[in-house]
Every structure is written in structure tokens, then in C-alpha cells.
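Take a look at the structure below.
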Amino acid sequence: MELTRREVLKYAAASSAMMAIGGPMSSVMAADAGEPDKWVKSVCRFCGTGCGVMVGVKDGKVVTVKGDPNNHNEGFLCLKGALMPPIVYAKERVTKPYIRKNGVLKPASWDEAMSLVVSKFKGAIKEHGPTSVAYYGSGQALTEETYLASKIWKAGLGSNNVEGNPRLCMASAVGGYVTTFGKDEPCGSYDDIDAATCFFIIGSNMSECHPILFKRVAKRKQADPNVKIIVADPRRTNTARIADEHLSFRPGTDLAIMNAMAYVIIQEELDNQRFHSKYVTFMTSDKKKVDFDAYVKFLEDYTPEKAAKLSGVPADQIIRCAKMFAEASGSMSFWCMGLNQRIRGVWANNLVSNLHLLTGQIGKTGATPFSLTGQPNACGGVRDTGGLCHLLPAGRLIKKPEHRAHVEKQWGLKPGTIAPKPGLHTVALWNAFSEAKVKAIFVICTNPAHSMPNVNIYTEGMKRDDNFMVLSEPFMDAETVKYCDVLLPPAFWCEKRGVYGCSERRYSLLDQSVEPMGECKPDVEILLDFAKRMGVDPKVIPFKNSDDIWEEWRIMSSETPYNFAGITRPRLEKESGILWPCPTEDHPGTKIRYVRGEDPNIPKDYKNKYHFYGKPDGRAVIWFRPYKGAAEEPDNDYPMVLNTGRVIDHWHTGTMTMKVPELRRSFPNAYVEVNTEDAKKYGIQNGDDVLLETRRDKMVFQAKVSDVCRPGMVFVPWFDAKLMINKLTLNAFDKGSKQPEYKICAVRIKKA
Ligand code: MGD
Ligand code: MGD
Ligand code: SF4
């Protein structure tokens with residue numbers, strides 16, 4: 001059975017409560033569309049859950065989508081996924097190139113636009129050297145797009161200034177995995193959900209941000225009432241509402257809570273000594289190897305009572321949660337931006353993995369730490385292909401000479417071609433662009449004039465005449481369009497072909513369903529044209545299309561632990577996603593890493609069951625990570641905490657979901673969530689205008705008074721371009737991961 005759009009309206013009214021549509025109601029039909037001529041296998045272009053979709057095409061147009069029954073989502077989609085088709089045909093679609101002349105964007109031919117772009121990039125390199133040019137991309141770009149851009153810049157132009165929005169999103173998760181396990185990306189898979197008996201969900205509002213995965217968690221709990229759920233979040237989100245234990249704490253103090261959980265686990269003798277004595281190294285924050293006793297000593301500062309005082313969570317609740325986690329037959333942790341977007345983001349990531357390594361809750365089905373990835377292709381596209389300023393493909397590092405040498409060999413480059421110094425990370429890059437030290441930047445599939453923290457600095461910088469920005473953006477009303485010098489029209493989602501890699505290391509193909517609109521071109525074509533016009537050696541960029549790029553990357557991966565040589569294009573066309581490592585075409589893909597017999601990187605006759613091969617000694621690390629506060633704690637002048645995040649029906653800067661009437665209607669504007677106690681204190685009623693002021697800017701939002709935020713904290717969703725909360729947020733970042741602290745800054749509020 002299908003849903004008509006009119007019926008969807010009824011659901012959309014209550015869409016925050018409705019997590020998923022699927023099974024018998026799996027598709028949403030455009031009005032009187034009729035049965036599609038064909039169904040094309042693809043992937044939802046929104047969150048990192050990576051749901052498979054079937055795109056219904058009629059008369060050369062996308063008329064509907066339905067969930068792919070053969071992908072992990074088993075045919076289910078949330079409303080965002082089900083309502084994608086109208087976005088393709090939005091009236092704001094950019095369908096031809098534009099050049100800014102006297103402050104106004106004027107239509108131009110492709111040749112005029114690309115000639116201008118190339119003259120600016122060549123001019124910058126000639127006058128200021130290769131580090132004066134940059135690429136800024138996205139975890140929503142296809143794998144082939146990011147791989148290609150990274151290769152053009154790093155191998156072709158000599159610039160490591162290759163960055164993208166995953167720095168704002170997953171950098172701390174990468175830092176956490178690499179410091180703990182020596183390799184990026186989760187060890188487990190979504191199948192762990194069906195076997196876990198305890199879920200530890202920290203800093204993630206799964207019900208709104210990964211709804212189809214949350215549905216699987218909820219189903220697991222429904223099937224077995226003994227399954228326990230712990231949610232650690234200073235807001236009482238919809239996710240927290242199904243928890244057995246909701247830990248609501250003073251923002252940022254979860255570092256102390258996780259250390260206290262480790263303390264309890266050891267005191268109660270619930271740690272797994274057989275596991276940690278054989279497979280774990282204990283390491284202080286200044287990288288000294290120590291023993292278990294030193295860890296016990298370190299944790300003395302984190303008794304449940306001490307942590308309770310700091311965090312506001314009762315000591316007995318911390319004790320209950322620690323026991324629940326350790327005693328479960330399988331504990332699975334999920335986390336997302338509540339941990340990553342913090343100046344201690346990497347440390348917070350380490351502390352989750354510590355709990356798993358201490359208890360041996362890892363490497364068996366249902367027991368694993370699992371970082372939820374935000375964007376649909378931050379994993380496969382950016383992290384795996386090395387699309388950041390310090391990375392090369394397959395987790396190799398620019399700063400390591402042997403890694404550069406290996407990649408140069410694989411790419412057939414002269415030794416020394418790849419510059420030895422990492423490029424500028426996102427905040428540094430936009431600072432440099434704002435100061436016109438970086439002269440020319442190519443922006444694809446991201447909207448930085450809305451999404452950067454403390455954004456006024458960057459939009460001011462974008463207005464300068466002595467720097468140059470070319471933007472590939474499908475929608476005319478995206479904020480960054482206001483500031484670009486050249487605007488290029490990209491093919492959108494179903495109008496191009498390539499691979500997405502979601503949270504669980506699953507690579508799936510998005511096949512092209514329809515022709516691009518107007519003069520739009522896939523970003524791969526745009527980048528290939530750019531490389532050719534820049535004079536990049538055709539031996540370095542020999543590709544004709546996205547299939548060629550995948551082929552090179554697939555073969556390259558086979559010399560690394562990412563090995564997905566078995567994930568060929570024809571196989572991707574047939575199957576609904578395959579998990580790497582997958583070394584051969586008959587390999588089924590890997591659900592559990594670091595375990596002999598499961599992970600093809602470990603020889604079958606390896607002496608031990610577990611092998612954390614990312615570390616030279618094969619042992620994962622339990623890190624000592626003390627509690628340290630946020631970059632900007634509340635004080636007398638700014639006494640509250642400002643927290644920002646998401647709502648179920650909007651995607652990021654709203655350029656896409658605001659085009660869908662049903663989604664727009666459910667959240668037309670941003671608002672501020674205020675706790676009932678604070679509302680009383682400040683004389684604020686539901687619906688009142690409230691002035692929020694930080695050290696950077698001020699803005700008025702309508703109040704939603706409820707018990708969702710804890711007292712002392714307000715929350716504002718950041719999708720609304722009319723009420724851009726990023727004018728108020730802070731651009732302080734984690735020293736290791738360089739990911740900004742969007743989740744905590746000091747704010748004062750009053751009734752407007
Ligand atoms: P957020 O709302 O950013 O979403 O997914 P989530 O991280 O789940 O933040 C999650 C929670 O972190 C919030 O409820 C907030 O209260 C909590 N938090 C704040 N401070 C702290 C703290 O100190 N400690 C802890 N433990 N928690 C804290 C983000 C993910 O969602 C991402 S990264 C992307 S890119 C995708 N975006 C997206 C979207 O835009 N809309 C929707 N509907 N879904 C999305 N999915 C993905
Ligand atoms: P999006 O709206 O996803 O946000 O920030 P952005 O990446 O800036 O931007 C994607 C852009 O790409 C849109 O303008 C869309 O129209 C365009 N687009 C869509 N498809 C295509 C395509 O095929 N090709 C091209 N060329 N363009 C396309 C995301 C970033 O924001 C992230 S990932 C995080 S996790 C941060 N989260 C966050 C937060 O939690 N709080 C606050 N306050 N700010 C945040 N900003 C960060
Ligand atoms: Fe798309 Fe995420 Fe919804 Fe799945 S859960 S349909 S991937 S937005």
C-alpha cells in the first residue's frame with residue numbers, strides 16, 4: 001500500500017513522534033503519479049544510517065521512493081527519506097552557472113564560469129604558491145567526488161588544504177578510534193543491535209537523528225523487556241523517554257561520569273581481567289604506558305560521590321548504570337555530537353571505549369562501542385578516502401614519510417610530490433580565507449556560511465574582494481550562495497552515480513535514476529573539467545567517470561586493512577550494500593573487526609582470539625582522561641549554557657527539507673527550549689520572545705517551555721537560515737581533532 005502526500009500530511013503533523021514508515025506503507029506517492037516505469041536502487045541522501053531506497057521513475061522524472069527491503073533498513077524509511085522527490089524539482093534549483101558581477105550573480109556559460117575559476121586558481125598558485133588554494137567538501141558528497149578532489153589537490157596541485165564538514169562532525173570520533181584502536185571506523189555492525197541486552201546511548205538523540213536505527217533499538221527492547229537502555233544527555237530527548245536510566249548532567253561533565261562508571265566496575269569486580277590483561281595497554285594522557293594499578297589509582301578521583309557532586313547525577317544512579325553496563329550479556333554504546341562537538345571530544349570518545357575494553361564488552365555480537373556517523377558518506381567518502389587536510393587514503397597520514405611514499409607509489413607519482421606538511425583544518429582554513437591568506441577555495445556540497453561556528457567572522461571574510469570562492473550548490477537560496485563569486489549547478493542525488501559508505505562500514509551504490517536538470521553536471525564531471533583546465537597531468541587524473549575512480553580506489557585499498565577489493569561495481573549494482581573489509585568477490589563482508597575468524601585482516605592461524613592490529617603491540621588502549629571543563633563555562637555575566645542540535649524533520653541548514661511542505665510545516669522556525677524552572681525565574685511563558693545573547697552576537701527566539709532541557713541550559717536547533725544560531729556559537733575546538741565545541745557556550749537570556 002502507498003501513502004498519498006495528503007495522507008503524509010496527517011502523519012507529518014505528529015512526525016516527531018512517528019519514527020518510521022515502512023513495510024506495508026513504504027512509499028509516498030506524488031499526486032496522481034501512477035505506477036513508476038522503473039525502480040532504481042539507491043540510498044537516502046540524508047543521515048549516516050544509510051537506508052537503502054528504491055527510486056520510482058516515471059516519464060524520466062522521480063515520482064516516489066520506497067525503502068529497499070534488501071538493505072539493512074528492511075524497507076523502512078523515516079519521513080525525510082520518504083519525502084525526497086519534491087526536493088529534486090524545487091523551484092530554487094540552480095540549473096545553469098553564474099558569475100558574480102558588480103555584486104550580482106549573472107548567468108554564464110560553463111566555459112565562462114570555469115575559465116574564470118581556473119584563472120583565479122592559477123593566479124593564486126602563481127603569486128602565492130599552492131597552499132593559497134583549497135578544497136572544502138562534504139560527508140554528503142559521493143566517495144568518488146571526495147577521492148577525486150583530494151587527489152587533484154594533494155597530488156596534482158601540491159596543496160594539502162583539503163577539508164570538509166566532517167571536521168565539524170566526525171573528527172573527534174576518528175581521533176577516538178585511532179588513539180584507542182589504532183584504526184578508524186567502528187568494530188561492530190548494526191546487527192549487534194539485535195543481540196545487545198544493554199544500550200548505552202550518550203550524547204546522541206538517536207530517535208530524531210538516526211530514526212531507523214533507533215526503531216531497531218526500540219524493537220529490541222519491545223521484544224525483550226530485560227533489555228536495558230541508559231541515555232546520557234543533559235536534555236530529556238525523545239530518545240531518553242524510552243530509557244530505563246536517563247542520566248541528566250551538567251553539560252560537559254560526562255567525562256567524570258564515565259570515569260566513575262569505570263571506578264564502580266573495578267570496585268565491584270565486574271571488570272574482565274582475562275581480557276584486559278591480554279589485550280589492553282593502560283596509558284596516561286601524556287602517553288606513558290602504565291599498569292592496571294595505576295589506572296585504579298587514577299580513578300580514585302572519580303568515586304561516584306565525587307562525580308555526582310560535579311555532574312549533578314545521583315551517585316547511586318551512576319552505580320546502577322555501571323553495573324547494568326558491565327553485567328549485561330552484551331553492551332552496545334552509541335554516541336554522536338554530544339560527545340564529538342566538544343573541546344574534549346577525543347577524550348570523551350576514548351572514555352566510552354574504555355568501558356568496553358575494561359569489561360571485555362567488545363568483539364562478540366551485541367557487544368561493541370559504535371560511533372554513529374552523522375552524514376550519509378562521512379565514513380565511506382571522507383574518512384576512508386582521506387579527504388581531510390592531514391590524511392591520505394585508507395587512514396594514512398600526510399605527516400608520515402612512509403605513508404606519503406606508499407601513496408605516491410600507488411598513485412604513480414614522483415617521490416616527494418605530496419607536500420609533507422598537513423594543510424589547514426576547517427576553522428584554520430576559514431580563518432585564513434577570511435584574512436585572504438588562502439586566496440581561492442572550491443566549495444562542494446556544504447553550506448559553510450550557515451554551518452560554521454561563530455559564523456559572522458567567516459561571512460565577513462567571504463565578502464572580501466581579494467579572495468575567491470567557487471561554490472557547487474543545487475539551491476539558489478542556500479546561505480553560501482550570497483557570498484560566492486562563481487556558482488556552479490551540480491546534479492543532485494538521483495541524477496548521478498556513485499557510492500555512499502554509512503556508519504557501519506557498509507558501501508552501497510546510488511545508481512543514476514534520471515538525467516540532471518538543465519545544464520547541471522555531476523560534481524565528478526565538474527572536478528574532472530577543473531583538473532584538465534588546471535593542467536593537472538592526465539596520468540595523475542586519468543579518469544573518465546565515477547566508475548573509473550571507484551576502480552582505482554578499490555584496487556588501492558587492497559594493500560591496506562580497509563581492503564574492499566571484493567566490492568566491485570557489478571557486485572554493488574546487484575547487492576544492497578557490503579561491509580568492508582571485503583578482500584575478494586566471494587567474501588560476504590565483515591561484521592566484526594579485530595577478531596580471528598571474523599576479520600579477514602587477521603590470519604586464520606593467529607595465536608590469539610583478538611588482535612588490535614592498528615597498534616604495534618596488537619593491544620587496544622585504555623586511556624586516562626581526566627575531567628576538564630568546556631572552553632567557555634557559564635559565569636556571572638553569561639550564566640547559562642547554550643546547546644545546539646537537530647530536530648527530526650530538518651536536515652542541517654534546511655536547504656533541502658525546507659523545500660518539502662510537510663517537513664517545513666512541522667518545524668517552520670527555530671525556537672529556544674527553556675526549562676520550566678528557568679522560565680519561572682526569568683518570567684518567560686511558552687511562546688514568548690526570548691533574547692539570547694552570547695559574547696559573539698544576540699538574537700530573539702520564541703520560547704518552548706518544557707522539561708526537555710535541564711535547568712541552567714537552553715537548546716536551539718540550527719536548521720533555520722532566518723534565525724541562524726551559529727552567529728552566537730563558539731569556534732573553540734578540540735586540540736587533537738580540531739572539531740569545534742558547538743554543544744557548549746555561555747549565554748544569557750531574558751524575555752524580549
Ligand atoms: P544533536 O542534536 O546534534 O544530534 O546527531 P546527534 O548528535 O544525535 O546532538 C545530540 C545530543 O547531544 C543533544 O540531544 C544534546 O542535548 C546532547 N548534548 C549536548 N551537550 C552534551 C554533553 O555535554 N554531553 C552529552 N553526553 N550530550 C550532550 C547528529 C547527527 O545527526 C549528525 S552529526 C548529522 S551530520 C546528521 N544530521 C541530521 C540532521 O540535521 N537532522 C536530522 N533529523 N537527522 C540528522 N542525522 C544526523
Ligand atoms: P548542509 O545543509 O548539509 O550543511 O553543515 P553543512 O554541510 O554546511 O549543506 C549541504 C549543502 O550541499 C546544502 O546547501 C545542499 O543544498 C547542498 N547539496 C546537496 N546535494 C548536493 C550535491 O549533490 N552536490 C552539491 N554540490 N551540493 C549539494 C553540516 C555541518 O554543520 C555538520 S556535518 C555538523 S555535524 C555541524 N553540526 C552543527 C551543530 O550541531 N550545531 C550547530 N550550531 N552547527 C553545526 N554545524 C555543523
Ligand atoms: Fe534517510 Fe536517515 Fe531517515 Fe534512513 S533514518 S530514511 S538514512 S534520514
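How things are named: the first chain in the C-alpha cells is A, the next is B, and so on; residues count from 1 in each chain; ligands count from 1 in the order shown.
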Kindly assemble as a tab-separated table a list of the chain A residues that lie within 7 Å of ligand 2, each paired with its nearest atom pair and their distance in Å to one decimal, using only C-alpha atoms and all ligand atoms, sorted first by chain and then by ascending residue number.
```
residue	atom	partner	partner_atom_place_in_ligand_line	distance
A:Ser138	CA	ligand 2	7 (O)	6.1
A:Gly139	CA	ligand 2	33 (S)	6.9
A:Gln140	CA	ligand 2	20 (N)	6.9
A:Ala141	CA	ligand 2	23 (O)	6.2
A:Asn165	CA	ligand 2	33 (S)	4.9
A:Pro166	CA	ligand 2	33 (S)	5.5
A:Leu168	CA	ligand 2	34 (C)	4.9
A:Cys169	CA	ligand 2	35 (S)	3.6
A:Met337	CA	ligand 2	40 (O)	6.6
A:Gly374	CA	ligand 2	35 (S)	6.3
A:Gln375	CA	ligand 2	33 (S)	6.3
A:Ile444	CA	ligand 2	26 (N)	4.3
A:Cys445	CA	ligand 2	27 (N)	3.2
A:Thr446	CA	ligand 2	11 (C)	3.6
A:Asn447	CA	ligand 2	8 (O)	3.3
A:Pro448	CA	ligand 2	8 (O)	4.5
A:His450	CA	ligand 2	8 (O)	6.2
A:Ser451	CA	ligand 2	46 (N)	4.0
A:Met452	CA	ligand 2	46 (N)	5.6
A:Pro453	CA	ligand 2	44 (N)	6.1
A:Ser472	CA	ligand 2	26 (N)	4.1
A:Glu473	CA	ligand 2	27 (N)	4.3
A:Pro474	CA	ligand 2	16 (O)	5.5
A:Phe475	CA	ligand 2	16 (O)	5.4
A:Ala478	CA	ligand 2	14 (O)	5.2
A:Pro490	CA	ligand 2	26 (N)	5.2
A:Ala491	CA	ligand 2	23 (O)	5.9
A:Phe492	CA	ligand 2	23 (O)	4.2
A:Trp493	CA	ligand 2	23 (O)	5.2
A:Asp523	CA	ligand 2	26 (N)	6.2
A:Thr644	CA	ligand 2	41 (N)	4.9
A:Gly645	CA	ligand 2	40 (O)	4.3
A:Arg646	CA	ligand 2	40 (O)	6.7
A:Trp651	CA	ligand 2	2 (O)	6.2
A:His652	CA	ligand 2	2 (O)	4.3
A:Thr653	CA	ligand 2	2 (O)	3.7
A:Gly654	CA	ligand 2	2 (O)	5.7
A:Thr655	CA	ligand 2	16 (O)	4.9
A:Met656	CA	ligand 2	16 (O)	5.8
A:Trp718	CA	ligand 2	43 (N)	5.1
A:Ile725	CA	ligand 2	43 (N)	6.0
A:Asn726	CA	ligand 2	43 (N)	5.0
A:Thr729	CA	ligand 2	43 (N)	6.5
A:Tyr742	CA	ligand 2	41 (N)	5.2
A:Lys743	CA	ligand 2	41 (N)	6.8
```
Output file for the residues above (C-alpha atoms, as a short mmCIF file (atom, residue, chain, number, x, y, z; two decimals), in the first residue's frame):
```cif
data_model
loop_
_atom_site.label_atom_id
_atom_site.label_comp_id
_atom_site.auth_asym_id
_atom_site.auth_seq_id
_atom_site.Cartn_x
_atom_site.Cartn_y
_atom_site.Cartn_z
CA SER A 138 31.35 17.23 2.45
CA GLY A 139 30.32 13.97 4.06
CA GLN A 140 27.34 14.11 1.69
CA ALA A 141 29.46 14.10 -1.48
CA ASN A 165 32.27 19.42 7.04
CA PRO A 166 33.23 16.02 8.57
CA LEU A 168 32.69 19.66 12.25
CA CYS A 169 31.12 16.27 12.77
CA MET A 337 27.62 15.01 18.52
CA GLY A 374 26.13 11.93 11.04
CA GLN A 375 26.26 12.27 7.28
CA ILE A 444 31.20 21.46 -2.90
CA CYS A 445 28.12 20.08 -1.17
CA THR A 446 28.25 22.14 2.01
CA ASN A 447 26.90 25.46 3.23
CA PRO A 448 29.59 26.99 5.45
CA HIS A 450 25.39 28.84 7.81
CA SER A 451 27.11 25.87 9.43
CA MET A 452 30.41 27.30 10.73
CA PRO A 453 30.50 28.22 14.42
CA SER A 472 28.77 24.00 -6.41
CA GLU A 473 25.26 24.20 -4.92
CA PRO A 474 21.91 22.93 -6.23
CA PHE A 475 19.72 25.52 -4.48
CA ALA A 478 21.46 28.33 0.30
CA PRO A 490 25.51 20.30 -9.69
CA ALA A 491 23.49 17.23 -10.50
CA PHE A 492 21.59 16.25 -7.34
CA TRP A 493 21.40 12.84 -5.56
CA ASP A 523 30.37 17.05 -9.23
CA THR A 644 22.54 23.47 19.71
CA GLY A 645 21.44 20.48 17.62
CA ARG A 646 18.79 18.91 15.46
CA TRP A 651 18.45 18.38 7.66
CA HIS A 652 21.23 20.76 8.72
CA THR A 653 20.86 24.15 7.04
CA GLY A 654 17.37 23.33 5.74
CA THR A 655 18.20 23.86 2.05
CA MET A 656 16.57 20.54 1.22
CA TRP A 718 20.28 25.23 13.97
CA ILE A 725 22.17 30.33 15.92
CA ASN A 726 25.72 29.94 14.61
CA THR A 729 28.12 29.79 18.90
CA TYR A 742 29.03 23.55 19.16
CA LYS A 743 27.41 21.94 22.16
#
```
Near-ligand residues for ligand 1, threshold 6 Å, only C-alpha atoms and all ligand atoms, as number ranges by chain: A: 47, 169, 202-206, 208-210, 232-235, 251-252, 254, 336-339, 374-375, 643, 645-652, 743
Selection within 10 Å of ligand 3 by only C-alpha atoms and all ligand atoms, output as number ranges by chain: A: 19-22, 43-53, 66-67, 72-73, 75-84, 206-215, 374-376, 502, 648-651
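Counting only C-alpha atoms and comparing A:Trp553, A:Phe325, A:Phe199, A:Trp335, the residue that lies closest to Leu392 of chain A is A:Trp553.
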Residue contacts of Asp617 of chain A (12 Å, only C-alpha atoms) excluding same-chain residues fewer than 4 positions away, as a compact mmCIF listing (two decimals) with N, CA and C atoms, in the first residue's frame:
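Generated file (selection.txt):
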```
# COMPACT_ATOMS: atom_id res chain seq x y z
N PHE A 181 42.21 2.28 19.14
CA PHE A 181 42.40 1.01 18.41
C PHE A 181 43.50 1.07 17.34
N GLY A 182 43.97 2.28 17.05
CA GLY A 182 44.99 2.42 16.01
C GLY A 182 44.41 2.52 14.62
N LYS A 278 45.36 -9.23 28.71
CA LYS A 278 45.97 -9.77 27.49
C LYS A 278 45.88 -8.81 26.30
N TYR A 279 44.82 -8.00 26.28
CA TYR A 279 44.56 -7.25 25.04
C TYR A 279 44.58 -5.73 25.20
N VAL A 280 44.93 -5.26 26.39
CA VAL A 280 44.82 -3.82 26.63
C VAL A 280 46.12 -3.26 27.18
N THR A 281 46.46 -2.04 26.73
CA THR A 281 47.55 -1.26 27.33
C THR A 281 46.90 -0.13 28.10
N TYR A 610 41.79 -12.18 19.80
CA TYR A 610 41.64 -10.77 19.40
C TYR A 610 42.98 -10.23 18.92
N HIS A 611 42.93 -9.34 17.97
CA HIS A 611 44.17 -8.71 17.51
C HIS A 611 43.85 -7.28 17.07
N PHE A 612 44.27 -6.31 17.91
CA PHE A 612 44.04 -4.90 17.55
C PHE A 612 45.23 -4.46 16.71
N TYR A 613 45.17 -4.85 15.43
CA TYR A 613 46.35 -4.73 14.57
C TYR A 613 46.70 -3.29 14.22
N VAL A 621 43.96 0.51 23.67
CA VAL A 621 44.43 1.34 24.79
C VAL A 621 43.27 1.79 25.67
```
